[in-house]
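Inspection log for the structure reproduced underneath, given as structure tokens.
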Amino acid sequence: MAEKQKLNFLLIMADFMGAKPMPLYGGNLVRVPNIEALAEDGVVFETAYSNSPICVPSRASMMTGKLPSKISVFDNGAELPSSIPTIAHYLRARGYATCLSGKMHFIGADQLHGFEERVTSDVVPADYGWMPFGTDAEPSWKDTALDEWPNMKPVIEAGVCIRSLGMDFDDEVAFQAVRKIHDYARDPEQKPFFLTASFIEPHEPYATSQEYWDRFDHDAIPAPTVPFIPYQQQDAHSRRLYNLSKVGEEEVTDEHIRNARHAYCGMVSNIDDKIGALRRALDETGLLENTVIIVTADHGGMLGERGLWGILNFYEWASRVPLIVHAPSHLAPRRVGAVVSLVDLLPTMMELAGGDPTADLVHPIDGVSLSPLMTGETEAAPRTVLAEFCAEETKSPLLMIRRGAFKYVYCSDDPALLFDLDQDPDERDNLAANPDYKEILDGFKDDVLRLWDPAAMTAEIADSRRRREFIFEAHTKGKSPAWDHVVDGDAAGRYQRSHVEPWQKSEERAFMRHKRE
């Protein structure tokens, strides 16, 4: 009997594309018809979280199924150890072709981490430069090329542009990913594939083309749901973020905010169009029916909510992400209310690929397969999501637990945060000082101290920063190592070459498929 055909995977990621602005998650800001089309036929996770509201830790955690602290990826200048297996390793071991198009923000010499090939460079540096330098109180951003960053210019100068570096990069990501889909369709071996298409937009700065700007009525762009909160009324960590972003040093008007949110809408529409193009490529090549499409993001963005911009916190706008799994030939459409997170993708994809998400592991993970939820099973106990933030403006780790209706945030330097998201979805009422919630608060604190060792984490982070800062500074003396991924386009082996045996047959397959349709 012939072996059952394995499912393909297309993982689509965007940067800063949170769940809160999207209509399918109850938002009223952006429009995403192509994502909604996938959601209509797919499994929509209504309460999915990033495991760290910052790029590198979030992506490393997703790829490995492990919390950032378990792999020592604390900030945007920390490298993922090459010895930690990733989704790509596990699928590659099962016979999958693995390819990355776009951003994964790997730091260090290993720019593949299990991917067989990368068809684009990354959009960000691979060295230790984008990390919080210094081990004293509230270590902050340092980059010799961006000495005034971060600031409020992305908001104040937001609007229409002719062209941005993000547009250039994302056009290349989409083009290469579509071409790779056609390559897979022409492949004489017909291996199952895991293709990742990872975009930089709608990452700030907030700038979009006239075409995408014109899709929205400027006067109809909604203001933040939670308006600016005065500095002294903010929680302790938010005050640090105010200082980091220099919020109080520039006059940010309502029109600046509207411009930034309008541009964000255009940027999301650009990504949504690219998602539509990827789906069409799968459909045109006959690969759609057997391909699982997963749409998500590394984190969201505050977009002026509470007066905050960017990420680096656990409020819903920054930490909640879309998560859609589209495989209508294999999974019935449904919406799942259980709390989940990006570490759950590795065991889920292993199981969909025919593996055992526990027995086939060679290293413990923190994620749990989502397959029972996707097939409508009721789990015995409520799921728990854990998340960490150990980067800019943190002397001690911020640790988050989401379970049921409650979200709890712990930091040894700050008063606790506790929100009932069923009753208070905008997180306006911190219940931590309410005596009626003392038992719940104490229970969450006990959980934090059982699951983490904050003091040991603090010491490890300080040691990691010291070592990486020293190495980074040493590398500025003399010739720096080249860690950035350089693409070999292999044009001489791609087109009509006599030594490329399959090219005639692959073209014949493409033409014959067109004739059949």
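By order of appearance in the structure tokens: chains A, B, ..., then residues from 1 within every chain, and ligands from 1 in the order shown.
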Using only C-alpha atoms, find each residue of segment 32-66 of chain A with at least one atom at most 12 Å away from an atom of segment 269-280 of chain A; report its shortest atom-to-atom pair and that distance in Å (one decimal), sort the rows by chain and rising residue number, and return the result as a Markdown table.
| residue | atom | partner | partner_atom | distance |
| --- | --- | --- | --- | --- |
| A:Val32 | CA | A:Asp272 | CA | 5.7 |
| A:Pro33 | CA | A:Asp272 | CA | 7.2 |
| A:Asn34 | CA | A:Gly276 | CA | 5.3 |
| A:Ile35 | CA | A:Asp272 | CA | 6.4 |
| A:Glu36 | CA | A:Asp272 | CA | 9.4 |
| A:Ala37 | CA | A:Gly276 | CA | 9.0 |
| A:Leu38 | CA | A:Arg279 | CA | 8.9 |
For this session: Pull the strand (DSSP E) assignments for segment 292-420 of chain A out of DSSP run on the backbone, and list those residues as an MDAnalysis selection string.
Result: chainID A and resid 292:297 320:321 324:326 334:341 384:389 398:403 406:410 417:420
Taking N, CA and C atoms for each residue, export the selection above as a compact mmCIF listing (two decimals), in the first residue's frame.
# COMPACT_ATOMS: atom_id res chain seq x y z
N VAL A 292 -1.21 22.90 4.70
CA VAL A 292 -1.68 23.60 5.90
C VAL A 292 -1.10 25.01 5.86
N ILE A 293 -1.97 26.01 5.82
CA ILE A 293 -1.52 27.41 5.87
C ILE A 293 -1.71 27.91 7.29
N ILE A 294 -0.65 28.43 7.88
CA ILE A 294 -0.70 28.99 9.23
C ILE A 294 -0.35 30.47 9.13
N VAL A 295 -1.23 31.32 9.66
CA VAL A 295 -1.00 32.76 9.65
C VAL A 295 -0.85 33.24 11.09
N THR A 296 0.24 33.95 11.36
CA THR A 296 0.45 34.49 12.71
C THR A 296 1.40 35.67 12.64
N ALA A 297 1.87 36.11 13.80
CA ALA A 297 2.82 37.22 13.90
C ALA A 297 3.70 37.00 15.12
N ARG A 320 -0.93 39.92 22.10
CA ARG A 320 -1.85 38.98 21.44
C ARG A 320 -1.64 39.00 19.94
N VAL A 321 -1.65 37.81 19.36
CA VAL A 321 -1.37 37.67 17.93
C VAL A 321 -2.48 36.89 17.24
N ILE A 324 -4.23 31.47 12.81
CA ILE A 324 -5.22 30.81 11.96
C ILE A 324 -4.55 29.60 11.32
N VAL A 325 -5.19 28.46 11.40
CA VAL A 325 -4.71 27.24 10.77
C VAL A 325 -5.74 26.84 9.71
N HIS A 326 -5.33 26.93 8.45
CA HIS A 326 -6.23 26.68 7.32
C HIS A 326 -5.87 25.35 6.66
N ARG A 334 -13.59 26.16 12.65
CA ARG A 334 -14.12 26.42 13.99
C ARG A 334 -13.33 27.55 14.62
N ARG A 335 -13.89 28.12 15.67
CA ARG A 335 -13.20 29.12 16.48
C ARG A 335 -12.91 28.49 17.84
N VAL A 336 -11.69 28.69 18.32
CA VAL A 336 -11.23 28.09 19.56
C VAL A 336 -10.96 29.19 20.58
N GLY A 337 -11.62 29.12 21.71
CA GLY A 337 -11.49 30.16 22.72
C GLY A 337 -10.37 29.93 23.71
N ALA A 338 -9.82 28.73 23.78
CA ALA A 338 -8.78 28.42 24.77
C ALA A 338 -7.55 29.27 24.54
N VAL A 339 -6.86 29.62 25.64
CA VAL A 339 -5.62 30.40 25.51
C VAL A 339 -4.51 29.48 25.01
N VAL A 340 -3.76 29.98 24.01
CA VAL A 340 -2.66 29.22 23.42
C VAL A 340 -1.52 30.20 23.15
N SER A 341 -0.38 29.67 22.71
CA SER A 341 0.74 30.56 22.40
C SER A 341 1.60 29.95 21.31
N THR A 384 -2.77 27.11 30.14
CA THR A 384 -2.03 28.23 30.71
C THR A 384 -1.01 28.70 29.69
N VAL A 385 -0.91 30.01 29.51
CA VAL A 385 0.11 30.59 28.66
C VAL A 385 1.13 31.30 29.53
N LEU A 386 2.40 31.06 29.24
CA LEU A 386 3.50 31.72 29.93
C LEU A 386 4.25 32.61 28.95
N ALA A 387 4.69 33.77 29.41
CA ALA A 387 5.46 34.67 28.56
C ALA A 387 6.46 35.43 29.42
N GLU A 388 7.52 35.92 28.74
CA GLU A 388 8.63 36.57 29.44
C GLU A 388 9.06 37.82 28.67
N PHE A 389 9.54 38.80 29.43
CA PHE A 389 10.19 39.95 28.80
C PHE A 389 11.40 40.33 29.63
N LEU A 398 10.25 40.53 33.55
CA LEU A 398 8.80 40.60 33.63
C LEU A 398 8.25 39.25 33.19
N LEU A 399 7.38 38.66 34.00
CA LEU A 399 6.88 37.31 33.76
C LEU A 399 5.36 37.34 33.76
N MET A 400 4.76 36.73 32.74
CA MET A 400 3.30 36.80 32.57
C MET A 400 2.69 35.41 32.57
N ILE A 401 1.55 35.29 33.24
CA ILE A 401 0.73 34.07 33.17
C ILE A 401 -0.67 34.47 32.73
N ARG A 402 -1.19 33.80 31.71
CA ARG A 402 -2.59 33.96 31.32
C ARG A 402 -3.26 32.61 31.50
N ARG A 403 -4.30 32.59 32.33
CA ARG A 403 -5.07 31.38 32.56
C ARG A 403 -6.53 31.78 32.75
N PHE A 406 -7.96 35.48 33.60
CA PHE A 406 -7.01 36.35 34.29
C PHE A 406 -5.64 36.40 33.60
N LYS A 407 -5.07 37.59 33.62
CA LYS A 407 -3.69 37.81 33.21
C LYS A 407 -2.95 38.42 34.40
N TYR A 408 -1.81 37.81 34.71
CA TYR A 408 -1.01 38.24 35.86
C TYR A 408 0.40 38.56 35.36
N VAL A 409 0.94 39.70 35.79
CA VAL A 409 2.30 40.10 35.42
C VAL A 409 3.10 40.34 36.70
N TYR A 410 4.24 39.66 36.78
CA TYR A 410 5.11 39.73 37.95
C TYR A 410 6.46 40.34 37.57
N LEU A 417 0.55 43.26 38.37
CA LEU A 417 -0.62 43.59 37.56
C LEU A 417 -1.51 42.37 37.49
N LEU A 418 -2.81 42.58 37.63
CA LEU A 418 -3.79 41.50 37.52
C LEU A 418 -5.03 42.04 36.83
N PHE A 419 -5.41 41.41 35.72
CA PHE A 419 -6.58 41.86 34.96
C PHE A 419 -7.53 40.70 34.74
N ASP A 420 -8.81 40.98 34.86
CA ASP A 420 -9.87 40.04 34.47
C ASP A 420 -10.30 40.44 33.06
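Backbone DSSP assigns helix (DSSP H, G or I) in segment 41-155 of chain A to Cys55, Val56, Pro57, Ser58, Arg59, Ala60, Ser61, Met62, Met63, Thr64, Pro68, Ser69, Lys70, Ile71, Ile87, Ala88, His89, Tyr90, Leu91, Arg92, Ala93, Lys153, Pro154 and Val155 of chain A.
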For this session: Might you pull out every residue within 12 Å of Asn151 of chain A, with only C-alpha atoms counted and same-chain residues fewer than 4 positions away left off, and present them as number ranges by chain?
Result: A: 141, 146-147, 155-157, 204-205, 241-252, 308-310
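Each of A:His256, A:His262, A:His203, A:His237 was compared to Pro222 of chain A using only C-alpha atoms, and A:His262 turns out to be the nearest.
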Problem set entry | Selection: 7 Å around Asp15 of chain A, only C-alpha atoms, excl. self and same-chain fewer than 2 positions, as a ChimeraX atom specification | /A:13,17,199-203,297-299
Exercise. Residues at most 8 Å from Glu172 of chain A, counting only C-alpha atoms, excluding those fewer than 4 positions away in the same chain, as a ChimeraX atom specification?
Worked result: /A:120,168,176
Which neighbours of Ala93 of chain A fall inside 12 Å, counting only C-alpha atoms, when residues of the same chain fewer than 3 positions from it are skipped, and could you give them as a PDB file with N, CA and C atoms, in the first residue's frame?
ATOM      1  N   PRO A  85      16.941  21.897  18.762  1.00  0.00           N
ATOM      2  CA  PRO A  85      16.150  21.545  17.582  1.00  0.00           C
ATOM      3  C   PRO A  85      14.999  22.529  17.361  1.00  0.00           C
ATOM      4  N   THR A  86      14.697  22.781  16.089  1.00  0.00           N
ATOM      5  CA  THR A  86      13.596  23.668  15.713  1.00  0.00           C
ATOM      6  C   THR A  86      12.537  22.898  14.934  1.00  0.00           C
ATOM      7  N   ILE A  87      11.450  23.594  14.645  1.00  0.00           N
ATOM      8  CA  ILE A  87      10.425  23.014  13.769  1.00  0.00           C
ATOM      9  C   ILE A  87      11.059  22.502  12.483  1.00  0.00           C
ATOM     10  N   ALA A  88      11.961  23.306  11.910  1.00  0.00           N
ATOM     11  CA  ALA A  88      12.582  22.924  10.641  1.00  0.00           C
ATOM     12  C   ALA A  88      13.381  21.630  10.778  1.00  0.00           C
ATOM     13  N   HIS A  89      14.101  21.477  11.900  1.00  0.00           N
ATOM     14  CA  HIS A  89      14.842  20.231  12.100  1.00  0.00           C
ATOM     15  C   HIS A  89      13.890  19.035  12.152  1.00  0.00           C
ATOM     16  N   TYR A  90      12.839  19.155  12.940  1.00  0.00           N
ATOM     17  CA  TYR A  90      11.926  18.021  13.111  1.00  0.00           C
ATOM     18  C   TYR A  90      11.251  17.639  11.798  1.00  0.00           C
ATOM     19  N   TYR A  96      10.960  16.346   4.946  1.00  0.00           N
ATOM     20  CA  TYR A  96      10.444  17.589   4.378  1.00  0.00           C
ATOM     21  C   TYR A  96      11.571  18.432   3.775  1.00  0.00           C
ATOM     22  N   ALA A  97      11.258  19.093   2.656  1.00  0.00           N
ATOM     23  CA  ALA A  97      12.083  20.189   2.172  1.00  0.00           C
ATOM     24  C   ALA A  97      11.728  21.419   3.007  1.00  0.00           C
ATOM     25  N   THR A  98      12.723  22.139   3.489  1.00  0.00           N
ATOM     26  CA  THR A  98      12.474  23.262   4.394  1.00  0.00           C
ATOM     27  C   THR A  98      13.110  24.522   3.830  1.00  0.00           C
ATOM     28  N   GLY A 114      18.100  24.706  10.836  1.00  0.00           N
ATOM     29  CA  GLY A 114      17.284  23.606  10.351  1.00  0.00           C
ATOM     30  C   GLY A 114      16.688  23.828   8.986  1.00  0.00           C
ATOM     31  N   PHE A 115      16.580  25.077   8.540  1.00  0.00           N
ATOM     32  CA  PHE A 115      16.096  25.317   7.183  1.00  0.00           C
ATOM     33  C   PHE A 115      17.167  24.861   6.190  1.00  0.00           C
ATOM     34  N   GLU A 116      16.739  24.125   5.189  1.00  0.00           N
ATOM     35  CA  GLU A 116      17.666  23.653   4.167  1.00  0.00           C
ATOM     36  C   GLU A 116      18.197  24.803   3.331  1.00  0.00           C
ATOM     37  N   PRO A 192       7.297  16.498   0.494  1.00  0.00           N
ATOM     38  CA  PRO A 192       6.500  17.457   1.272  1.00  0.00           C
ATOM     39  C   PRO A 192       7.388  18.632   1.655  1.00  0.00           C
ATOM     40  N   PHE A 193       6.777  19.788   1.877  1.00  0.00           N
ATOM     41  CA  PHE A 193       7.594  20.969   2.155  1.00  0.00           C
ATOM     42  C   PHE A 193       7.078  21.740   3.355  1.00  0.00           C
ATOM     43  N   PHE A 194       8.018  22.443   3.971  1.00  0.00           N
ATOM     44  CA  PHE A 194       7.728  23.440   5.001  1.00  0.00           C
ATOM     45  C   PHE A 194       8.345  24.740   4.513  1.00  0.00           C
ATOM     46  N   MET A 350       4.335  18.950  14.183  1.00  0.00           N
ATOM     47  CA  MET A 350       4.845  17.573  14.245  1.00  0.00           C
ATOM     48  C   MET A 350       3.706  16.571  14.132  1.00  0.00           C
ATOM     49  N   ALA A 353       2.166  16.427  10.757  1.00  0.00           N
ATOM     50  CA  ALA A 353       3.081  15.777   9.815  1.00  0.00           C
ATOM     51  C   ALA A 353       3.170  14.270  10.041  1.00  0.00           C
ATOM     52  N   GLY A 354       2.421  13.761  10.988  1.00  0.00           N
ATOM     53  CA  GLY A 354       2.399  12.326  11.219  1.00  0.00           C
ATOM     54  C   GLY A 354       3.269  11.856  12.357  1.00  0.00           C
ATOM     55  N   GLY A 355       3.858  12.784  13.084  1.00  0.00           N
ATOM     56  CA  GLY A 355       4.714  12.408  14.196  1.00  0.00           C
ATOM     57  C   GLY A 355       3.972  12.405  15.518  1.00  0.00           C
ATOM     58  N   ASP A 360       8.340  11.708  19.924  1.00  0.00           N
ATOM     59  CA  ASP A 360       9.352  11.970  18.901  1.00  0.00           C
ATOM     60  C   ASP A 360      10.277  13.130  19.258  1.00  0.00           C
ATOM     61  N   LEU A 361      10.058  13.752  20.379  1.00  0.00           N
ATOM     62  CA  LEU A 361      10.916  14.864  20.785  1.00  0.00           C
ATOM     63  C   LEU A 361      12.270  14.347  21.255  1.00  0.00           C
ATOM     64  N   VAL A 362      13.318  15.078  20.917  1.00  0.00           N
ATOM     65  CA  VAL A 362      14.652  14.729  21.412  1.00  0.00           C
ATOM     66  C   VAL A 362      15.097  15.694  22.510  1.00  0.00           C
TER      67      VAL A 362
END
